[in-house]
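So this block is my_file06.csv, CSV, C-alpha atoms:
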chain,number,residue,atom,x,y,z
N,1,MET,CA,159.6,165.7,10.5
N,2,GLN,CA,156.5,165.4,8.4
N,3,TRP,CA,152.9,165.5,9.8
N,4,SER,CA,150.4,163.4,8.1
N,5,VAL,CA,146.7,164.0,8.2
N,6,GLY,CA,146.1,160.4,9.3
N,7,GLY,CA,148.5,160.7,12.2
N,8,VAL,CA,147.0,164.0,13.4
N,9,VAL,CA,143.5,162.5,13.3
N,10,ALA,CA,144.6,159.4,15.1
N,11,GLY,CA,146.3,161.5,17.8
N,12,LEU,CA,143.2,163.6,18.2
N,13,ILE,CA,141.0,160.5,18.6
N,14,VAL,CA,143.2,158.9,21.2
N,15,GLY,CA,143.8,162.1,23.0
N,16,GLY,CA,140.1,163.0,23.0
N,17,GLY,CA,139.2,159.5,24.3
N,18,GLY,CA,141.7,159.9,27.2
N,19,LEU,CA,140.4,163.4,27.9
N,20,GLY,CA,136.8,162.1,27.9
N,21,LEU,CA,137.8,159.4,30.4
N,22,MET,CA,139.4,162.0,32.7
N,23,VAL,CA,136.3,164.2,32.5
N,24,ALA,CA,134.1,161.2,33.3
N,25,GLY,CA,136.3,160.4,36.3
N,26,VAL,CA,136.0,163.9,37.7
N,27,VAL,CA,132.2,164.1,37.1
N,28,TRP,CA,131.5,160.6,38.6
N,29,LYS,CA,134.1,160.7,41.4
N,30,GLY,CA,133.0,158.8,44.4
N,31,ARG,CA,129.6,157.9,43.0
N,32,ALA,CA,130.2,154.2,43.4
N,33,THR,CA,130.7,154.6,47.2
N,34,ARG,CA,127.5,156.6,47.7
N,35,PRO,CA,124.5,154.5,48.7
N,36,PHE,CA,121.7,154.4,46.1
N,37,ALA,CA,119.1,154.0,48.8
N,38,ALA,CA,119.3,155.6,52.3
N,39,ARG,CA,117.2,152.8,53.8
N,40,ARG,CA,119.6,150.2,52.5
N,41,ALA,CA,122.5,152.1,53.9
N,42,ARG,CA,121.0,152.3,57.3
N,43,VAL,CA,120.2,148.6,57.3
N,44,MET,CA,123.8,147.8,56.3
N,45,ALA,CA,125.2,150.1,59.0
N,46,HIS,CA,123.0,148.5,61.6
N,47,ARG,CA,124.2,145.0,60.5
N,48,ALA,CA,127.8,146.1,60.8
N,49,TYR,CA,127.2,147.6,64.3
N,50,VAL,CA,125.6,144.3,65.5
N,51,ARG,CA,128.4,142.2,63.9
N,52,ASP,CA,131.0,144.4,65.6
N,53,LEU,CA,129.3,144.2,69.0
N,54,THR,CA,129.2,140.4,68.7
N,55,ARG,CA,132.9,140.2,67.7
N,56,ALA,CA,133.9,142.6,70.6
N,57,ALA,CA,131.9,140.5,73.1
N,58,ASP,CA,133.6,137.3,71.9
N,59,ARG,CA,137.0,139.0,72.1
N,60,ALA,CA,136.3,140.3,75.6
N,61,ILE,CA,135.2,136.8,76.8
N,62,ASP,CA,138.4,135.2,75.3
N,63,ALA,CA,140.6,137.9,76.9
N,64,ALA,CA,139.0,137.4,80.3
N,65,ARG,CA,139.4,133.7,80.1
N,66,ARG,CA,143.1,134.0,79.2
N,67,ALA,CA,143.6,136.6,82.0
N,68,ALA,CA,141.9,134.5,84.7
N,69,GLY,CA,144.1,132.5,87.0
N,70,GLU,CA,143.8,128.7,87.6
N,71,GLY,CA,140.5,128.0,89.4
N,72,GLU,CA,139.4,131.7,89.2
N,73,PRO,CA,136.3,132.8,87.3
N,74,ALA,CA,136.8,135.0,84.2
N,75,ILE,CA,135.4,138.5,84.8
N,76,VAL,CA,133.9,140.1,81.7
N,77,THR,CA,132.5,143.6,81.9
N,78,VAL,CA,130.2,145.6,79.6
N,79,GLU,CA,132.8,148.4,79.7
N,80,ALA,CA,135.3,146.0,78.2
N,81,VAL,CA,133.0,145.3,75.3
N,82,GLU,CA,132.2,149.0,74.8
N,83,ARG,CA,135.9,149.8,74.8
N,84,LEU,CA,136.7,147.2,72.2
N,85,VAL,CA,133.9,148.3,69.9
N,86,ARG,CA,135.2,151.9,70.1
N,87,GLU,CA,138.9,151.2,69.8
N,88,ARG,CA,139.0,148.2,67.5
N,89,TYR,CA,135.9,148.8,65.3
N,90,GLY,CA,135.8,152.6,65.3
N,91,HIS,CA,132.3,153.2,66.5
N,92,ALA,CA,132.2,156.6,68.2
N,93,HIS,CA,129.0,156.0,70.3
N,94,VAL,CA,128.1,152.6,71.8
N,95,GLU,CA,125.0,152.1,73.9
N,96,ARG,CA,125.5,150.2,77.1
N,97,ARG,CA,122.3,148.2,76.6
N,98,HIS,CA,123.5,147.0,73.2
N,99,ALA,CA,126.9,146.0,74.5
N,100,ALA,CA,125.2,144.2,77.4
N,101,ALA,CA,122.9,142.3,75.1
N,102,ALA,CA,125.8,141.2,72.9
N,103,LEU,CA,127.7,140.1,76.0
N,104,ARG,CA,124.6,138.1,77.2
N,105,ARG,CA,124.4,136.4,73.8
N,106,GLY,CA,128.1,135.6,74.0
N,107,PHE,CA,127.7,134.1,77.4
N,108,ARG,CA,124.9,131.8,76.2
N,109,GLU,CA,126.8,130.7,73.1
N,110,HIS,CA,130.1,130.1,74.8
N,111,GLY,CA,128.8,128.4,77.9
N,112,CYS,CA,130.3,130.9,80.2
N,113,ALA,CA,127.9,130.3,83.2
N,114,ALA,CA,130.4,127.7,84.6
N,115,ASP,CA,133.6,129.8,84.5
N,116,CYS,CA,132.7,133.5,83.9
N,117,VAL,CA,131.2,136.4,85.8
N,118,THR,CA,129.6,139.5,84.2
N,119,ASP,CA,127.7,142.6,85.0
N,120,ALA,CA,125.6,142.3,81.8
N,121,TYR,CA,122.6,141.0,83.6
N,122,GLY,CA,122.4,143.8,86.1
Can the structure in the file be given as structure tokens, please?
Amino acid sequence: MQWSVGGVVAGLIVGGGGLGLMVAGVVWKGRATRPFAARRARVMAHRAYVRDLTRAADRAIDAARRAAGEGEPAIVTVEAVERLVRERYGHAHVERRHAAAALRRGFREHGCAADCVTDAYG
């Protein structure tokens, strides 16, 4: 087998390029997921928290309506919303007043005054 100068140079260029990409991947690992601005990261985390609270309140209202018998009011509790936010959306700490506010908004939006009961107003 004969080695040519052109083949060796081409192999070094291709190998060096691949090695350069691997080094760049090690150096810049995870940089795309890090926030560039801490303030923007806090704003986005707050938006996600509010969105998850709203979704949990909607799910709690729907579940209570499905569980209620014929002619019975649906009972929706703040604890149910807190539990859904923790279990389904992975928030470790949920403030009761935030869950209650989300449940009150859901009550207004879904017209629950006629067929639901809650402890969010207490």
Give me, please, the distance in Å between atom CA of N:Ala41 and atom CA of N:Val23, quoted to one decimal.
-> 28.2 Å
Return the single residue from N:Ala60, N:Val43, N:Ile75, N:Ala114 that is closest to N:Arg88, with distances computed using all atoms listed in the file.
->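 Closest to N:Arg88, using all atoms listed in the file: N:Ala60.
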So which residues touch N:Ala63 within 10 Å, counting all atoms listed in the file, skipping near sequence neighbours fewer than 5 positions away, as an MDAnalysis selection string?
-> chainID N and resid 57:58 68 74:76 80
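Distances to N:Pro73 were evaluated for N:Ala92, N:Met22, N:Val117, N:Ala10 using only C-alpha atoms, and the minimum falls at N:Val117.
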Can you pull out every residue within 9 Å of N:Phe107, counting only C-alpha atoms, but drop anything in the same chain fewer than 3 positions away, and send it as a ChimeraX atom specification?
-> /N:57-58,61,102-104,110-113,116,118
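One distance worth recording is that between atom CA of N:Arg96 and atom CA of N:Val78, which is 7.0 Å.
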Could you please determine the separation between atom CA of N:Tyr121 and atom CA of N:Val94 in Å, to one decimal place?
-> 17.4 Å
Which one of N:His46, N:Ala37, N:Val81, N:Ala120 sits closest to N:Ala64 if you count all atoms listed in the file?
->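 Ranked by minimum distance to N:Ala64, first place goes to N:Val81.
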Pick from N:Ala24, N:Val50, N:Leu84, N:Leu19: nearest to N:Ala101, with only C-alpha atoms counted?
->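 Closest residue, counting only C-alpha atoms: N:Val50.
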So, counting all atoms listed in the file, which residue among N:Gly69, N:Asp62, N:Ala56, N:Val5 is closest to N:Glu87?
->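 Closest residue, counting all atoms listed in the file: N:Ala56.
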